[in-house]
$ cat work02.pdb   # PDB, C-alpha atoms
MODEL        1
ATOM      1  CA  MET A   1      41.030  -1.987 -66.901
ATOM      2  CA  ARG A   2      40.021  -0.554 -70.271
ATOM      3  CA  PRO A   3      38.722   3.037 -69.833
ATOM      4  CA  SER A   4      35.211   3.657 -71.152
ATOM      5  CA  GLY A   5      35.666   7.412 -71.557
ATOM      6  CA  VAL A   6      32.777   8.009 -69.131
ATOM      7  CA  ILE A   7      33.227  10.168 -66.029
ATOM      8  CA  THR A   8      30.519  10.516 -63.384
ATOM      9  CA  PHE A   9      30.519  13.604 -61.247
ATOM     10  CA  THR A  10      29.203  13.882 -57.667
ATOM     11  CA  THR A  11      29.672  16.988 -55.508
ATOM     12  CA  ASP A  12      28.150  19.236 -52.884
ATOM     13  CA  PHE A  13      28.673  22.269 -55.142
ATOM     14  CA  GLY A  14      24.991  22.839 -55.833
ATOM     15  CA  HIS A  15      23.915  24.709 -58.953
ATOM     16  CA  LYS A  16      24.835  28.253 -57.907
ATOM     17  CA  GLY A  17      28.098  29.408 -59.381
ATOM     18  CA  PRO A  18      30.452  28.012 -62.032
ATOM     19  CA  PHE A  19      32.340  25.410 -59.989
ATOM     20  CA  ALA A  20      30.991  22.205 -61.562
ATOM     21  CA  ALA A  21      31.084  23.742 -65.046
ATOM     22  CA  VAL A  22      34.705  24.854 -64.663
ATOM     23  CA  MET A  23      35.716  21.318 -63.680
ATOM     24  CA  LYS A  24      33.950  19.973 -66.760
ATOM     25  CA  GLY A  25      35.830  22.531 -68.833
ATOM     26  CA  VAL A  26      39.139  21.283 -67.472
ATOM     27  CA  ILE A  27      38.183  17.676 -68.230
ATOM     28  CA  LEU A  28      37.088  18.489 -71.777
ATOM     29  CA  GLY A  29      40.186  20.596 -72.380
ATOM     30  CA  ARG A  30      42.329  17.559 -71.622
ATOM     31  CA  PHE A  31      40.003  14.872 -72.998
ATOM     32  CA  PRO A  32      37.578  16.338 -75.581
ATOM     33  CA  ASP A  33      35.837  12.988 -76.108
ATOM     34  CA  ALA A  34      34.948  12.559 -72.447
ATOM     35  CA  LYS A  35      31.343  11.669 -71.664
ATOM     36  CA  ILE A  36      30.572  13.464 -68.393
ATOM     37  CA  VAL A  37      27.481  12.419 -66.431
ATOM     38  CA  ASP A  38      26.233  14.449 -63.465
ATOM     39  CA  LEU A  39      25.302  11.972 -60.764
ATOM     40  CA  ALA A  40      24.440  14.563 -58.100
ATOM     41  CA  HIS A  41      25.516  18.098 -57.182
ATOM     42  CA  ASP A  42      23.001  18.624 -54.366
ATOM     43  CA  ILE A  43      24.766  16.557 -51.719
ATOM     44  CA  PRO A  44      24.377  18.383 -48.362
ATOM     45  CA  ALA A  45      27.385  20.615 -47.873
ATOM     46  CA  GLN A  46      30.339  18.887 -46.234
ATOM     47  CA  TRP A  47      28.483  15.571 -45.786
ATOM     48  CA  PRO A  48      30.610  12.838 -47.428
ATOM     49  CA  PRO A  49      28.402   9.881 -46.355
ATOM     50  CA  GLU A  50      25.588  10.812 -48.720
ATOM     51  CA  ALA A  51      27.943  11.210 -51.663
ATOM     52  CA  GLY A  52      29.481   7.835 -50.890
ATOM     53  CA  PHE A  53      26.052   6.245 -50.550
ATOM     54  CA  TRP A  54      24.921   7.416 -53.983
ATOM     55  CA  VAL A  55      28.184   6.559 -55.707
ATOM     56  CA  SER A  56      28.288   3.055 -54.241
ATOM     57  CA  ARG A  57      24.623   2.453 -55.150
ATOM     58  CA  SER A  58      24.810   3.904 -58.664
ATOM     59  CA  TYR A  59      28.112   2.944 -60.251
ATOM     60  CA  SER A  60      26.986  -0.497 -61.451
ATOM     61  CA  TRP A  61      24.569   1.111 -63.921
ATOM     62  CA  PHE A  62      27.520   2.577 -65.840
ATOM     63  CA  PRO A  63      29.836   0.731 -68.243
ATOM     64  CA  ALA A  64      32.933  -0.960 -66.890
ATOM     65  CA  GLY A  65      35.912   1.355 -67.127
ATOM     66  CA  THR A  66      33.993   4.401 -65.902
ATOM     67  CA  VAL A  67      35.805   6.902 -63.682
ATOM     68  CA  HIS A  68      33.644   8.075 -60.789
ATOM     69  CA  LEU A  69      34.721  11.452 -59.433
ATOM     70  CA  ALA A  70      33.232  12.459 -56.058
ATOM     71  CA  ILE A  71      34.098  15.676 -54.268
ATOM     72  CA  VAL A  72      32.734  16.623 -50.874
ATOM     73  CA  ASP A  73      35.866  18.080 -49.406
ATOM     74  CA  PRO A  74      35.718  20.079 -46.162
ATOM     75  CA  GLY A  75      39.459  19.388 -45.744
ATOM     76  CA  VAL A  76      40.509  20.921 -49.069
ATOM     77  CA  GLY A  77      43.944  22.511 -48.869
ATOM     78  CA  THR A  78      44.939  20.608 -45.725
ATOM     79  CA  GLU A  79      47.065  17.482 -45.383
ATOM     80  CA  ARG A  80      44.175  15.147 -46.214
ATOM     81  CA  ASP A  81      44.999  12.617 -48.914
ATOM     82  CA  ILE A  82      43.230  11.876 -52.175
ATOM     83  CA  ILE A  83      42.439   8.216 -52.724
ATOM     84  CA  ILE A  84      41.718   6.220 -55.862
ATOM     85  CA  VAL A  85      39.846   2.931 -55.593
ATOM     86  CA  VAL A  86      39.753   0.269 -58.302
ATOM     87  CA  CYS A  87      36.710  -1.892 -57.712
ATOM     88  CA  ASP A  88      34.485  -4.126 -59.846
ATOM     89  CA  GLY A  89      36.011  -2.838 -63.084
ATOM     90  CA  HIS A  90      35.499   0.835 -62.173
ATOM     91  CA  VAL A  91      37.737   3.613 -60.843
ATOM     92  CA  PHE A  92      36.680   5.919 -58.008
ATOM     93  CA  MET A  93      38.427   9.087 -56.906
ATOM     94  CA  ALA A  94      37.618  11.168 -53.822
ATOM     95  CA  PRO A  95      39.120  12.947 -50.838
ATOM     96  CA  ASP A  96      40.176  10.548 -48.092
ATOM     97  CA  ASN A  97      37.470  11.621 -45.646
ATOM     98  CA  GLY A  98      35.301   8.518 -45.450
ATOM     99  CA  LEU A  99      33.443   9.193 -48.700
ATOM    100  CA  LEU A 100      34.531   5.911 -50.318
ATOM    101  CA  ALA A 101      34.660   3.846 -47.119
ATOM    102  CA  GLN A 102      31.290   2.178 -47.735
ATOM    103  CA  LEU A 103      32.372   1.108 -51.206
ATOM    104  CA  ILE A 104      35.670  -0.268 -49.915
ATOM    105  CA  ASP A 105      34.013  -2.095 -47.019
ATOM    106  CA  ARG A 106      31.471  -3.760 -49.311
ATOM    107  CA  ASP A 107      34.042  -5.281 -51.690
ATOM    108  CA  ALA A 108      36.929  -7.309 -50.288
ATOM    109  CA  ASP A 109      38.644  -7.136 -53.697
ATOM    110  CA  ALA A 110      38.713  -3.328 -53.805
ATOM    111  CA  ALA A 111      42.244  -2.002 -54.404
ATOM    112  CA  VAL A 112      42.915   1.287 -52.640
ATOM    113  CA  TYR A 113      45.614   3.751 -53.690
ATOM    114  CA  LYS A 114      46.840   7.088 -52.379
ATOM    115  CA  LEU A 115      47.492   9.761 -54.986
ATOM    116  CA  GLU A 116      51.146  10.769 -55.016
ATOM    117  CA  THR A 117      51.295  14.481 -55.750
ATOM    118  CA  SER A 118      54.989  14.169 -56.638
ATOM    119  CA  LYS A 119      54.002  12.011 -59.611
ATOM    120  CA  LEU A 120      51.559  14.544 -61.024
ATOM    121  CA  VAL A 121      54.377  16.057 -63.085
ATOM    122  CA  LEU A 122      53.351  13.393 -65.598
ATOM    123  CA  LEU A 123      50.177  15.403 -66.196
ATOM    124  CA  ASP A 124      51.791  18.855 -66.405
ATOM    125  CA  LEU A 125      49.481  20.383 -63.806
ATOM    126  CA  PRO A 126      49.638  24.011 -62.694
ATOM    127  CA  THR A 127      50.319  24.789 -59.043
ATOM    128  CA  PRO A 128      47.002  23.970 -57.350
ATOM    129  CA  SER A 129      45.032  26.576 -55.471
ATOM    130  CA  ALA A 130      44.415  25.962 -51.769
ATOM    131  CA  THR A 131      40.629  25.971 -52.144
ATOM    132  CA  PHE A 132      39.730  24.388 -55.504
ATOM    133  CA  HIS A 133      41.461  21.034 -55.832
ATOM    134  CA  GLY A 134      38.459  19.892 -57.852
ATOM    135  CA  ARG A 135      39.590  22.096 -60.727
ATOM    136  CA  ASP A 136      43.345  21.837 -60.243
ATOM    137  CA  ILE A 137      43.851  18.166 -59.271
ATOM    138  CA  PHE A 138      40.715  16.015 -59.422
ATOM    139  CA  ALA A 139      39.493  17.100 -62.868
ATOM    140  CA  PRO A 140      42.798  16.695 -64.755
ATOM    141  CA  VAL A 141      43.558  13.379 -63.060
ATOM    142  CA  ALA A 142      40.083  12.055 -63.859
ATOM    143  CA  ALA A 143      40.504  13.161 -67.473
ATOM    144  CA  ALA A 144      43.845  11.377 -67.774
ATOM    145  CA  LEU A 145      42.503   8.161 -66.258
ATOM    146  CA  ALA A 146      39.350   8.203 -68.407
ATOM    147  CA  ALA A 147      41.381   8.844 -71.549
ATOM    148  CA  GLY A 148      43.798   6.029 -70.742
ATOM    149  CA  LYS A 149      46.756   8.431 -70.699
ATOM    150  CA  VAL A 150      47.912   7.183 -67.304
ATOM    151  CA  ARG A 151      47.288   4.127 -65.149
ATOM    152  CA  VAL A 152      46.357   4.343 -61.500
ATOM    153  CA  ASP A 153      49.620   2.694 -60.438
ATOM    154  CA  GLU A 154      51.623   5.358 -62.300
ATOM    155  CA  ILE A 155      50.305   8.205 -60.156
ATOM    156  CA  ALA A 156      49.296   6.497 -56.913
ATOM    157  CA  ILE A 157      50.655   3.967 -54.445
ATOM    158  CA  PRO A 158      48.746   1.103 -52.781
ATOM    159  CA  THR A 159      47.598   1.793 -49.230
ATOM    160  CA  GLN A 160      45.833  -0.042 -46.424
ATOM    161  CA  ASP A 161      45.211   3.198 -44.549
ATOM    162  CA  TRP A 162      42.074   5.197 -45.272
ATOM    163  CA  THR A 163      39.514   7.157 -43.291
ATOM    164  CA  PRO A 164      36.547   5.068 -42.102
ATOM    165  CA  GLY A 165      32.961   5.979 -42.893
ATOM    166  CA  TRP A 166      31.007   8.420 -40.771
ATOM    167  CA  ILE A 167      27.957   6.147 -40.443
ATOM    168  CA  ASP A 168      28.056   2.750 -38.753
ATOM    169  CA  ASP A 169      26.778  -0.300 -40.583
ATOM    170  CA  PRO A 170      23.314  -1.503 -39.512
ATOM    171  CA  GLU A 171      23.153  -3.571 -36.338
ATOM    172  CA  VAL A 172      21.605  -6.967 -36.991
ATOM    173  CA  GLY A 173      19.935  -9.072 -34.293
ATOM    174  CA  ALA A 174      17.273 -11.758 -34.075
ATOM    175  CA  GLY A 175      14.263 -10.405 -35.957
ATOM    176  CA  ARG A 176      15.598  -6.851 -35.754
ATOM    177  CA  VAL A 177      17.834  -4.534 -37.811
ATOM    178  CA  THR A 178      18.788  -1.035 -36.678
ATOM    179  CA  GLY A 179      19.998   1.479 -39.242
ATOM    180  CA  VAL A 180      19.856   5.162 -40.028
ATOM    181  CA  VAL A 181      18.393   7.548 -42.603
ATOM    182  CA  VAL A 182      21.223   8.498 -44.960
ATOM    183  CA  THR A 183      19.390  10.960 -47.191
ATOM    184  CA  VAL A 184      16.034  12.498 -48.028
ATOM    185  CA  ASP A 185      15.053  12.725 -51.685
ATOM    186  CA  THR A 186      13.124  15.494 -53.415
ATOM    187  CA  PHE A 187       9.798  13.765 -52.619
ATOM    188  CA  GLY A 188      10.540  13.660 -48.894
ATOM    189  CA  ASN A 189      11.238   9.923 -48.911
ATOM    190  CA  LEU A 190      13.584   8.816 -46.119
ATOM    191  CA  ILE A 191      16.281   6.564 -47.588
ATOM    192  CA  SER A 192      18.149   4.316 -45.158
ATOM    193  CA  ASN A 193      21.313   2.238 -45.105
ATOM    194  CA  ILE A 194      19.399  -1.006 -44.437
ATOM    195  CA  ASP A 195      19.933  -3.366 -47.363
ATOM    196  CA  ALA A 196      17.058  -5.462 -48.662
ATOM    197  CA  HIS A 197      18.805  -8.734 -47.864
ATOM    198  CA  LEU A 198      18.878  -7.832 -44.155
ATOM    199  CA  VAL A 199      15.078  -8.010 -43.961
ATOM    200  CA  ALA A 200      14.459 -10.584 -46.695
ATOM    201  CA  GLY A 201      13.751 -13.326 -44.166
ATOM    202  CA  PHE A 202      11.210 -11.330 -42.166
ATOM    203  CA  ALA A 203       7.695 -12.785 -42.401
ATOM    204  CA  GLU A 204       6.049  -9.442 -41.578
ATOM    205  CA  PRO A 205       8.588  -6.608 -41.737
ATOM    206  CA  VAL A 206       7.661  -3.442 -39.876
ATOM    207  CA  ALA A 207       9.573  -0.150 -39.712
ATOM    208  CA  GLU A 208       9.814   1.850 -36.505
ATOM    209  CA  ILE A 209      10.716   5.522 -36.879
ATOM    210  CA  ALA A 210       9.799   8.676 -34.950
ATOM    211  CA  GLY A 211       7.372   6.747 -32.757
ATOM    212  CA  HIS A 212       5.484   5.198 -35.679
ATOM    213  CA  ALA A 213       5.167   1.516 -36.647
ATOM    214  CA  ILE A 214       4.928   1.362 -40.415
ATOM    215  CA  ARG A 215       4.056  -1.651 -42.537
ATOM    216  CA  MET A 216       6.021  -2.727 -45.596
ATOM    217  CA  HIS A 217       4.465  -2.450 -49.072
ATOM    218  CA  SER A 218       5.783  -3.371 -52.500
ATOM    219  CA  THR A 219       5.377   0.132 -53.945
ATOM    220  CA  TYR A 220       3.947   3.585 -53.238
ATOM    221  CA  GLY A 221       0.587   2.989 -54.897
ATOM    222  CA  ARG A 222      -0.195   0.048 -52.581
ATOM    223  CA  ALA A 223      -0.770   2.461 -49.676
ATOM    224  CA  SER A 224      -3.750   4.792 -49.252
ATOM    225  CA  PRO A 225      -3.183   8.537 -49.819
ATOM    226  CA  GLY A 226      -1.531  10.037 -46.757
ATOM    227  CA  GLU A 227      -0.493   6.645 -45.338
ATOM    228  CA  TYR A 228       3.113   6.025 -44.359
ATOM    229  CA  LEU A 229       4.776   2.972 -45.832
ATOM    230  CA  ALA A 230       8.102   1.188 -45.890
ATOM    231  CA  LEU A 231       9.409  -0.370 -49.089
ATOM    232  CA  ILE A 232      12.545  -1.621 -50.767
ATOM    233  CA  ASN A 233      13.409   1.122 -53.230
ATOM    234  CA  SER A 234      15.061   0.929 -56.643
ATOM    235  CA  PHE A 235      18.535   1.103 -55.065
ATOM    236  CA  GLY A 236      17.912  -1.944 -52.883
ATOM    237  CA  VAL A 237      17.516  -0.327 -49.459
ATOM    238  CA  VAL A 238      14.636   0.297 -47.062
ATOM    239  CA  GLU A 239      12.854   3.585 -47.666
ATOM    240  CA  ILE A 240      10.113   5.294 -45.667
ATOM    241  CA  ALA A 241       7.564   7.146 -47.788
ATOM    242  CA  ARG A 242       4.136   8.735 -47.517
ATOM    243  CA  ALA A 243       1.684   7.946 -50.289
ATOM    244  CA  GLU A 244       1.022  11.173 -52.207
ATOM    245  CA  GLY A 245       2.785  13.075 -49.442
ATOM    246  CA  ASN A 246       6.089  13.937 -47.792
ATOM    247  CA  ALA A 247       7.334  11.490 -45.156
ATOM    248  CA  ALA A 248      10.187  13.717 -43.958
ATOM    249  CA  ASP A 249       7.842  16.605 -43.191
ATOM    250  CA  GLY A 250       5.093  14.435 -41.741
ATOM    251  CA  LEU A 251       7.424  12.530 -39.415
ATOM    252  CA  SER A 252       9.711  15.515 -38.719
ATOM    253  CA  CYS A 253      12.683  13.352 -39.711
ATOM    254  CA  ALA A 254      15.893  14.089 -41.564
ATOM    255  CA  ARG A 255      19.189  12.391 -42.338
ATOM    256  CA  GLY A 256      20.634  10.776 -39.250
ATOM    257  CA  ALA A 257      17.257   9.660 -37.898
ATOM    258  CA  PRO A 258      17.372   6.117 -36.449
ATOM    259  CA  LEU A 259      15.293   3.433 -38.158
ATOM    260  CA  VAL A 260      14.485  -0.030 -36.811
ATOM    261  CA  MET A 261      13.150  -2.865 -38.922
ATOM    262  CA  ARG A 262      11.590  -5.739 -36.963
ATOM    263  CA  ASP A 263       9.700  -8.881 -37.812
ATOM    264  CA  GLY A 264       6.078  -8.801 -36.628
ATOM    265  CA  TYR A 265       3.470  -6.077 -36.350
ATOM    266  CA  GLU A 266       2.315  -4.997 -32.889
ATOM    267  CA  ALA A 267      -0.890  -2.925 -32.902
TER     268      ALA A 267
ENDMDL
END
$ encode --input "work02.pdb" --output "structure tokens"
Amino acid sequence: MRPSGVITFTTDFGHKGPFAAVMKGVILGRFPDAKIVDLAHDIPAQWPPEAGFWVSRSYSWFPAGTVHLAIVDPGVGTERDIIIVVCDGHVFMAPDNGLLAQLIDRDADAAVYKLETSKLVLLDLPTPSATFHGRDIFAPVAAALAAGKVRVDEIAIPTQDWTPGWIDDPEVGAGRVTGVVVTVDTFGNLISNIDAHLVAGFAEPVAEIAGHAIRMHSTYGRASPGEYLALINSFGVVEIARAEGNAADGLSCARGAPLVMRDGYEA
């Protein structure tokens, strides 16, 4: 893989405090030409599934050879491993806590590696702190990979053992798909893990959530103000929205809420 020099950055750090900026400083100190792109820093604290969802749905919009760094790490400082995944011409690095499980499960050709801390002498790293591996391990490793200074197989070993995802895949039956809300965006739209292809054959797809039966529309403006609607969003999954309103507030729903898609509207 030829590195592109681009590094995407996904965390649950938020925007209070210097944590994300310090990691960028470490990357730039080691690779001044790095192009760092913030994917998201508002992942709910200690909730790897949302970080993994956004990384797996977003990476294809970046050039091949991009390094995707994702840190939601409630196990920092413990014996948890760090994994590196090479997939579809991209490199992904995250704690082994299920964050990258969705990506791995979706691509049979994904190559999974476990970072070998004994090999990090190649990068001349300081002794890492117990609570900020993002600064002391993830950032310098990402910089070295993005700069082409090391290869994945020089610092990591192949593994078939990784932590599974926290959210089950949708259940698919005859005329029915059952999934879950993975995240809620800033507009209050409920974004699920139900892929568009799972409902593509439905003649009249209807969403069932929080006791409501909601019709599918092509876009937000096709519904009347205040009306709930289901649609396939720009990331290719079913989303529940409220035209000119907030679906999460109106339906009293949040991440983890069950969502059923069925074929056929029942008044």
$ closest_residue --input "work02.pdb" --among "A:Gly250, A:Gly134, A:Gly175, A:Gly245" --to "Phe19 (chain A)" --atoms "only C-alpha atoms"
A:Gly134
$ closest_residue --input "work02.pdb" --among "A:Glu50, A:Glu208, A:Glu227, A:Glu116" --to "Leu100 (chain A)" --atoms "all atoms listed in the file"
A:Glu50
$ closest_residue --input "work02.pdb" --among "A:Ala254, A:Leu231, A:Ile167, A:Val172" --to "Gly188 (chain A)" --atoms "only C-alpha atoms"
A:Ala254
$ residues_around --input "work02.pdb" --residues "region 152-162 of chain A" --least-positions-apart "6" --cutoff "12 Å" --atoms "all atoms listed in the file" --output "ChimeraX atom specification"
/A:1-3,67,80-86,90-102,104-105,110-123,137,141-142,144-146
$ resolve_selection --input "work02.pdb" --expression "the PyMOL selection byres ((chain A and resi 6) around 9)" --output "PyMOL selection string"
chain A and resi 3-5+7-8+34-37+62-63+65-68+146-147
$ closest_residue --input "work02.pdb" --among "A:Ala203, A:Leu190, A:Ala64, A:Ala40" --to "Gly14 (chain A)" --atoms "only C-alpha atoms"
A:Ala40
$ atom_distance --input "work02.pdb" --atom1 "CA of Asp124 (chain A)" --atom2 "CA of Gly77 (chain A)"
19.6 Å
$ closest_residue --input "work02.pdb" --among "A:Ala248, A:Val237, A:Val22, A:Ala243" --to "Asp195 (chain A)" --atoms "all atoms listed in the file"
A:Val237
$ atom_distance --input "work02.pdb" --atom1 "CA of Asp42 (chain A)" --atom2 "CA of Ala139 (chain A)"
18.6 Å
$ residues_near_point --input "work02.pdb" --point "(45.2, 18.7, -73.7)" --cutoff "10 Å" --atoms "only C-alpha atoms" --output "PyMOL selection string"
chain A and resi 26-32+123-124+140+143-144
